[in-house]
Protein chains: 2
Amino acid sequence: MKEFNLGIIGLGNIGLEVYRNIKKNASDIKKKTGFKLNILKVSAKNIRKKREIKIPKKLIEKNISKIINDPKIDIIVELIGGSDGVAKKIIFDSIKKNKHVVTANKALIAKHGDALSILAEKYGVNLLFEAAVGGGIPIIRSMKQGLIANKLTHIYGILNGTTNFILTEMEKRNESFVNVLKDAQKLGYAESNPSSDVDGFDAADKISILSSIGFGTKIINKGFVIEGIRNIDLDDIRFAKSLNYTVKLLAIAERKGNKVKQRVHPCLIPDNLDVANIDNVINAIVVDGHPIGRTIYEGPGAGKGPTSSAVISDITSIMLGNDEYSFGLAPSAKKKLNLFNFDNHISKYYIRFLTKDVTGVLSKITSVLAKYKISVANLYQEPSKLGSANIMLVTHQTKELSIQKVMRKLLTQKKLFKKIVMIRVRDYKKL
Amino acid sequence: MKEFNLGIIGLGNIGLEVYRNIKKNASDIKKKTGFKLNILKVSAKNIRKKREIKIPKKLIEKNISKIINDPKIDIIVELIGGSDGVAKKIIFDSIKKNKHVVTANKALIAKHGDALSILAEKYGVNLLFEAAVGGGIPIIRSMKQGLIANKLTHIYGILNGTTNFILTEMEKRNESFVNVLKDAQKLGYAESNPSSDVDGFDAADKISILSSIGFGTKIINKGFVIEGIRNIDLDDIRFAKSLNYTVKLLAIAERKGNKVKQRVHPCLIPDNLDVANIDNVINAIVVDGHPIGRTIYEGPGAGKGPTSSAVISDITSIMLGNDEYSFGLAPSAKKKLNLFNFDNHISKYYIRFLTKDVTGVLSKITSVLAKYKISVANLYQEPSKLGSANIMLVTHQTKELSIQKVMRKLLTQKKLFKKIVMIRVRDYKKL
């Protein structure tokens, strides 16, 4: 019976859980793949460190390059993280040593995925990264295999569990962003430097990967709108509710002819629309395609259990001999699609002005809107603290460029406004 | 470059769509798999029949056994349907001729899947049937591959689009089962003999397949509760709504130690619970497992587009060399799990009595309930037509066996009741 030998590099939370679940499910893996899976080496900086699970000393190897160069090892699992540095070196070197690679590293794949997939094809190995997007949800495998016969048109959803948790908790507990973020950090849902999550970069890496797989394009990892949720106040969530909307951070990719319209930003979505009720750390990905129509995939978007589940699914896919392309098609067949000019995006826009002084402000706002021919659908003003006011409005369909001009014009009026929050409205089924 | 040659047997709606999409996406399939896919033969009873798509005469073969015996053909796609007869012979014979088989035939797989998977292993070929469950939703592939590292505990959801369409339309249009069924038949959503759908047999075949894959058990295809939706009236949907419940036909499989608790029946589920808002012909499957937690898969449950998408995903999986087991593990490793004794099921129960005469009926009902120690949580009586009444009640948690005894006792009282409808209530997250 053929065996597969594994080297796991990175022994944090996820690495330990991968180790634990492979050991625990050893006989199941054999029954399901027909092959035995051995963990041959595990890297760790500190051999003697106390860990939740006891790992035999002989398995632990301090010198990473010894693992990569071990001729007995078939598959390297990279769980260190980071788009460059050590992780990058491990993956490039491993492929060049004809080893299959499994990683959960979204930042690295979004940055180096194109080059790596070419290298993997050259060396005849698999590079798989199911755990990089949607935690345990088998979204990459579903897009690459289950939807293989489809032309995809839209891929979008909630790809960041941390921000979804924060938005859910803000609404549920009527608590500010700053306070909920602190709680999320205590619970381990947010990192001490939360920027990657709350500023939208994590979701951006993920949608870059999905759009490349879904549309067969080289990875588009920059130049598109990436906005996070730092700016969103309880007032916005409350106003949204009063209009039957929910605030969600969405990552969206659409195929528009030969262009890709890709972006990450908060959206006001109707209460009853697909992903509006996806709460807490749950992720959901909506995929539209022909001939299949719309399919939706939901599940826990992070955490050691779901992530290890995805990592092991990649390992067993290699064991089953599934010689798949990293991004679902031959690297040479990947097109270079350009970004849609987002200035031409058309949407309704929610804007909230927290004013310093009420006098004349409404007329200032409406005159600027009129100048750029933006017409208003809803408008509501209510007093805020200390003589200031909240003016909330929702526009009719208008162009992104016009809104950007309005924002630039009004954001400079420091005497009039304490804060201006703009959130795009999504209120139709097809984006 | 290696090529794969296909024989498609069955040229109805689905067969034609598979043919069309393979032709249309030929270059995509090559880019995604690295191999060329040729349709070598297509079976059809009538060569000259006018079809939506023109198929070259030289491809059409009247004699099915010539296709099966053609040494150039690698993969046979069976799209005739039916659990026995021709379809059965085609699949058994094809495997014995060392051909991979792809089918959408849920009835056949639910009945002969165990024997067929043993045969497929013996002859070193793949037998795949993604299209048999959930239409285009890649649920089988997700369970077999994406969730491979998990111990599954619950698999349930809406697996029959026809009945979900009927229930949705009944509620939306305030229209009777009989009338909505007629419309569904006109729209092609229900067959002229609708029994397989409306009596729950189609959903039963599907949950039998999923529980076998999910729990690693030999197929359990009989002996479990299978109830359809014929009995459900608008009154039930209305009463359910008044209690914040929605009526859905659910297929449910749970692993309970060494037993499988499996069933298909209508449920009252809370308005805000996972699958309550899955409407029309959409299917949704909820899967709970360790370590992943809960993942949910939604999409169109039937139709030629989604079905052909699933059929082609199986074909390309074979082309990619993914040598997978039909049910996700070696046939010899499949356990023989027994059914949980459903008499011991505990649930709340909704019961509606349409009475003939109001006098004494309530006392009759309550005395029988008291006899079997069933306590009532909600009770509501309202006048119906011609002096009769609707008495609706919801019990506290009680045993299935007690409810069955009550039903048997009261259903014989033809003088008192025109109709009694019992629907099980599901009002907690974990079944």
# chains A, B, ... in the order shown; residues from 1 in each chain; ligands from 1
call {"tool": "interface_residues", "arguments": {"of": "chain B", "to": "chain A", "cutoff": "7 Å", "atoms": "only C-alpha atoms", "output": "PyMOL selection string"}}
result
chain B and resi 31-33+136-138+142+145-150+291-300+305-306+309-310+312-313+320-324+328-330+333
call {"tool": "residues_around", "arguments": {"residues": "B:Gln381", "least_positions_apart": "2", "cutoff": "12 Å", "atoms": "only C-alpha atoms", "output": "VMD selection string"}}
result
chain B and resid 235 239 351 to 355 358 361 to 362 378 to 379 383 to 384 388 to 393
call {"tool": "select_by_dssp", "arguments": {"residues": "stretch 56-125 of chain A", "states": "helix (DSSP H, G or I)", "output": "ChimeraX atom specification"}}
result
/A:57-59,64-68,85-96,106-123
call {"tool": "write_last_selection", "arguments": {"atoms": "C-alpha atoms", "output": "mmCIF file, in the first residue's frame"}}
result
data_model
loop_
_atom_site.group_PDB
_atom_site.id
_atom_site.type_symbol
_atom_site.label_atom_id
_atom_site.label_comp_id
_atom_site.auth_asym_id
_atom_site.auth_seq_id
_atom_site.Cartn_x
_atom_site.Cartn_y
_atom_site.Cartn_z
ATOM 1 C CA LYS A 57 10.382 14.629 20.032
ATOM 2 C CA LYS A 58 11.651 12.649 17.044
ATOM 3 C CA LEU A 59 8.995 14.273 14.855
ATOM 4 C CA ILE A 64 12.880 23.979 8.185
ATOM 5 C CA SER A 65 15.113 23.390 5.181
ATOM 6 C CA LYS A 66 15.785 19.847 6.411
ATOM 7 C CA ILE A 67 12.036 19.169 6.131
ATOM 8 C CA ILE A 68 11.830 20.674 2.668
ATOM 9 C CA GLY A 85 9.466 36.166 4.119
ATOM 10 C CA VAL A 86 9.757 32.653 5.521
ATOM 11 C CA ALA A 87 6.407 31.396 4.257
ATOM 12 C CA LYS A 88 7.179 32.487 0.707
ATOM 13 C CA LYS A 89 10.589 30.817 0.775
ATOM 14 C CA ILE A 90 9.119 27.585 2.143
ATOM 15 C CA ILE A 91 6.483 27.303 -0.576
ATOM 16 C CA PHE A 92 8.755 28.211 -3.511
ATOM 17 C CA ASP A 93 11.512 25.917 -2.272
ATOM 18 C CA SER A 94 9.144 23.015 -1.563
ATOM 19 C CA ILE A 95 7.657 23.106 -5.055
ATOM 20 C CA LYS A 96 11.141 23.182 -6.560
ATOM 21 C CA LYS A 106 -4.476 33.884 1.766
ATOM 22 C CA ALA A 107 -2.123 36.889 1.726
ATOM 23 C CA LEU A 108 0.611 34.873 0.076
ATOM 24 C CA ILE A 109 -1.693 33.228 -2.479
ATOM 25 C CA ALA A 110 -3.316 36.568 -3.376
ATOM 26 C CA LYS A 111 0.164 38.023 -3.942
ATOM 27 C CA HIS A 112 2.169 35.140 -5.422
ATOM 28 C CA GLY A 113 -0.535 32.701 -6.559
ATOM 29 C CA ASP A 114 0.034 33.218 -10.288
ATOM 30 C CA ALA A 115 3.773 32.633 -10.097
ATOM 31 C CA LEU A 116 3.323 29.692 -7.742
ATOM 32 C CA SER A 117 0.742 27.945 -9.900
ATOM 33 C CA ILE A 118 3.067 28.165 -12.909
ATOM 34 C CA LEU A 119 5.890 26.745 -10.810
ATOM 35 C CA ALA A 120 3.660 23.939 -9.492
ATOM 36 C CA GLU A 121 2.701 22.948 -13.027
ATOM 37 C CA LYS A 122 6.359 23.007 -14.088
ATOM 38 C CA TYR A 123 7.358 20.689 -11.244
#
call {"tool": "atom_distance", "arguments": {"atom1": "atom CA of B:Asp205", "atom2": "atom CA of B:Ile346"}}
result
24.1 Å
call {"tool": "closest_residue", "arguments": {"among": "B:Thr246, B:Asn338, B:Ser83, B:Gln185", "to": "B:Ser212", "atoms": "only C-alpha atoms"}}
result
B:Asn338
call {"tool": "select_by_dssp", "arguments": {"residues": "stretch 133-379 of chain A", "states": "strand (DSSP E)", "output": "number ranges by chain"}}
result
A: 151-158, 225-226, 245-256, 259-270, 282-290, 293-300, 338-339, 346-355, 376-379
call {"tool": "residues_around", "arguments": {"residues": "B:Asp183", "least_positions_apart": "6", "cutoff": "12 Å", "atoms": "only C-alpha atoms", "output": "list in words"}}
result
Thr162, Phe165, Ile166, Glu169, Met170, Arg173, Glu175, Ser176, Phe177, Tyr189, Ala190, Glu191 and Ser192 of chain B
call {"tool": "write_last_selection", "arguments": {"atoms": "N, CA and C atoms", "output": "mmCIF file, in the first residue's frame"}}
result
data_model
loop_
_atom_site.group_PDB
_atom_site.id
_atom_site.type_symbol
_atom_site.label_atom_id
_atom_site.label_comp_id
_atom_site.auth_asym_id
_atom_site.auth_seq_id
_atom_site.Cartn_x
_atom_site.Cartn_y
_atom_site.Cartn_z
ATOM 1 N N THR B 162 -39.929 20.216 -5.946
ATOM 2 C CA THR B 162 -41.352 20.233 -6.306
ATOM 3 C C THR B 162 -42.221 20.543 -5.093
ATOM 4 N N PHE B 165 -41.693 24.052 -3.819
ATOM 5 C CA PHE B 165 -42.424 24.989 -4.671
ATOM 6 C C PHE B 165 -43.899 25.006 -4.290
ATOM 7 N N ILE B 166 -44.478 23.831 -4.118
ATOM 8 C CA ILE B 166 -45.914 23.749 -3.804
ATOM 9 C C ILE B 166 -46.214 24.420 -2.457
ATOM 10 N N GLU B 169 -45.872 28.231 -2.797
ATOM 11 C CA GLU B 169 -46.964 28.835 -3.561
ATOM 12 C C GLU B 169 -48.285 28.798 -2.786
ATOM 13 N N MET B 170 -48.517 27.703 -2.075
ATOM 14 C CA MET B 170 -49.740 27.622 -1.263
ATOM 15 C C MET B 170 -49.802 28.802 -0.307
ATOM 16 N N ARG B 173 -49.870 32.365 -2.365
ATOM 17 C CA ARG B 173 -51.087 32.671 -3.136
ATOM 18 C C ARG B 173 -52.361 32.283 -2.404
ATOM 19 N N GLU B 175 -53.573 29.371 -1.816
ATOM 20 C CA GLU B 175 -54.204 28.470 -2.788
ATOM 21 C C GLU B 175 -54.046 27.032 -2.297
ATOM 22 N N SER B 176 -54.995 26.177 -2.641
ATOM 23 C CA SER B 176 -54.990 24.806 -2.122
ATOM 24 C C SER B 176 -53.889 23.959 -2.755
ATOM 25 N N PHE B 177 -53.548 22.866 -2.070
ATOM 26 C CA PHE B 177 -52.549 21.919 -2.571
ATOM 27 C C PHE B 177 -52.907 21.457 -3.979
ATOM 28 N N TYR B 189 -42.739 21.528 -13.157
ATOM 29 C CA TYR B 189 -42.087 21.287 -11.864
ATOM 30 C C TYR B 189 -42.569 19.986 -11.214
ATOM 31 N N ALA B 190 -43.733 19.493 -11.670
ATOM 32 C CA ALA B 190 -44.229 18.236 -11.119
ATOM 33 C C ALA B 190 -44.626 17.330 -12.282
ATOM 34 N N GLU B 191 -44.483 16.026 -12.067
ATOM 35 C CA GLU B 191 -44.819 15.086 -13.134
ATOM 36 C C GLU B 191 -46.311 14.778 -13.118
ATOM 37 N N SER B 192 -46.776 14.184 -14.216
ATOM 38 C CA SER B 192 -48.214 13.891 -14.314
ATOM 39 C C SER B 192 -48.616 12.924 -13.201
#
call {"tool": "residues_around", "arguments": {"residues": "B:Ile76", "least_positions_apart": "6", "cutoff": "7 Å", "atoms": "only C-alpha atoms", "output": "compact mmCIF listing (two decimals) with N, CA and C atoms, in the first residue's frame"}}
result
# COMPACT_ATOMS: atom_id res chain seq x y z
N LEU B 6 -16.81 9.80 -24.60
CA LEU B 6 -18.04 9.73 -23.81
C LEU B 6 -19.15 9.05 -24.63
N GLY B 7 -19.95 8.24 -23.94
CA GLY B 7 -21.20 7.76 -24.51
C GLY B 7 -22.34 8.23 -23.65
N ILE B 8 -23.27 8.98 -24.23
CA ILE B 8 -24.41 9.47 -23.46
C ILE B 8 -25.63 8.62 -23.79
N SER B 94 -21.93 -1.58 -18.03
CA SER B 94 -20.86 -0.64 -18.35
C SER B 94 -19.67 -0.82 -17.41
N LYS B 99 -15.86 0.56 -17.82
CA LYS B 99 -16.14 1.95 -18.15
C LYS B 99 -16.57 2.71 -16.88
N HIS B 100 -16.08 3.93 -16.77
CA HIS B 100 -16.58 4.81 -15.71
C HIS B 100 -18.04 5.14 -15.99
N VAL B 101 -18.81 5.33 -14.93
CA VAL B 101 -20.22 5.64 -15.12
C VAL B 101 -20.59 6.91 -14.35
N VAL B 102 -21.32 7.79 -15.02
CA VAL B 102 -21.89 8.98 -14.37
C VAL B 102 -23.40 8.90 -14.55
call {"tool": "decode", "arguments": {"residues": "stretch 309-410 of chain B", "atoms": "C-alpha atoms", "output": "compact mmCIF listing (two decimals), in the first residue's frame"}}
result
# COMPACT_ATOMS: atom_id res chain seq x y z
CA SER B 309 -23.71 21.17 -14.43
CA ALA B 310 -23.47 18.35 -11.88
CA VAL B 311 -23.20 15.60 -14.52
CA ILE B 312 -20.33 17.40 -16.24
CA SER B 313 -18.56 17.97 -12.91
CA ASP B 314 -18.53 14.19 -12.46
CA ILE B 315 -17.18 13.63 -15.97
CA THR B 316 -14.35 16.14 -15.45
CA SER B 317 -13.56 14.66 -12.05
CA ILE B 318 -12.91 11.36 -13.81
CA MET B 319 -10.81 13.17 -16.43
CA LEU B 320 -8.74 14.82 -13.69
CA GLY B 321 -7.87 11.34 -12.51
CA ASN B 322 -9.62 11.76 -9.22
CA ASP B 323 -9.93 8.10 -8.35
CA GLU B 324 -12.64 8.45 -5.79
CA TYR B 325 -14.89 5.99 -4.04
CA SER B 326 -18.55 6.31 -5.00
CA PHE B 327 -19.64 6.85 -1.41
CA GLY B 328 -16.46 8.47 -0.15
CA LEU B 329 -14.87 5.39 1.38
CA ALA B 330 -13.81 1.90 0.43
CA PRO B 331 -16.99 -0.21 -0.01
CA SER B 332 -15.54 -2.88 2.29
CA ALA B 333 -15.15 -0.23 5.01
CA LYS B 334 -18.82 0.74 4.97
CA LYS B 335 -20.47 -0.22 8.22
CA LYS B 336 -23.94 -1.68 8.50
CA LEU B 337 -25.67 0.75 10.84
CA ASN B 338 -29.23 0.12 11.96
CA LEU B 339 -32.14 2.50 12.10
CA PHE B 340 -32.97 4.28 15.33
CA ASN B 341 -36.36 3.13 16.61
CA PHE B 342 -38.48 6.11 15.68
CA ASP B 343 -41.09 5.24 18.32
CA ASN B 344 -38.61 6.81 20.74
CA HIS B 345 -38.35 10.08 18.82
CA ILE B 346 -39.16 13.06 21.02
CA SER B 347 -40.66 16.22 19.61
CA LYS B 348 -43.43 18.72 19.91
CA TYR B 349 -46.36 17.84 17.67
CA TYR B 350 -48.82 20.02 15.85
CA ILE B 351 -52.20 18.35 15.37
CA ARG B 352 -55.23 19.79 13.61
CA PHE B 353 -58.62 18.17 13.89
CA LEU B 354 -61.27 19.09 11.36
CA THR B 355 -64.38 18.02 13.20
CA LYS B 356 -67.80 17.06 11.90
CA ASP B 357 -69.71 18.26 14.89
CA VAL B 358 -68.41 20.43 17.67
CA THR B 359 -70.31 18.87 20.58
CA GLY B 360 -68.16 16.72 22.80
CA VAL B 361 -65.23 16.64 20.40
CA LEU B 362 -62.86 18.71 22.47
CA SER B 363 -63.50 16.55 25.49
CA LYS B 364 -62.89 13.42 23.39
CA ILE B 365 -59.57 14.81 22.15
CA THR B 366 -58.35 15.95 25.53
CA SER B 367 -59.32 12.70 27.24
CA VAL B 368 -57.37 10.61 24.71
CA LEU B 369 -54.37 12.94 25.04
CA ALA B 370 -54.59 12.66 28.82
CA LYS B 371 -54.74 8.88 28.60
CA TYR B 372 -51.36 8.85 26.83
CA LYS B 373 -50.00 11.53 29.19
CA ILE B 374 -49.54 14.08 26.43
CA SER B 375 -49.70 17.64 27.63
CA VAL B 376 -50.81 20.50 25.44
CA ALA B 377 -48.90 23.78 25.02
CA ASN B 378 -51.18 25.67 22.58
CA LEU B 379 -54.79 25.04 21.68
CA TYR B 380 -57.00 27.01 19.39
CA GLN B 381 -60.47 26.34 18.08
CA GLU B 382 -62.26 28.20 15.33
CA PRO B 383 -65.48 27.55 13.46
CA SER B 384 -65.17 26.00 10.02
CA LYS B 385 -67.87 25.58 7.38
CA LEU B 386 -71.24 23.94 8.07
CA GLY B 387 -71.11 23.69 11.81
CA SER B 388 -67.79 21.95 11.94
CA ALA B 389 -64.67 23.30 13.62
CA ASN B 390 -60.91 23.35 13.33
CA ILE B 391 -59.19 22.44 16.56
CA MET B 392 -55.46 23.06 16.40
CA LEU B 393 -53.06 22.12 19.13
CA VAL B 394 -49.34 21.93 19.77
CA THR B 395 -48.11 19.48 22.39
CA HIS B 396 -45.19 19.78 24.74
CA GLN B 397 -42.26 17.44 24.05
CA THR B 398 -43.61 13.94 23.82
CA LYS B 399 -42.83 10.53 22.38
CA GLU B 400 -43.64 9.59 18.79
CA LEU B 401 -45.16 6.30 19.98
CA SER B 402 -47.70 8.13 22.16
CA ILE B 403 -48.68 10.38 19.27
CA GLN B 404 -49.06 7.38 16.95
CA LYS B 405 -51.36 5.75 19.48
CA VAL B 406 -53.45 8.91 19.77
CA MET B 407 -53.67 9.18 16.00
CA ARG B 408 -54.76 5.56 15.64
CA LYS B 409 -57.37 5.99 18.33
CA LEU B 410 -58.83 9.18 16.90
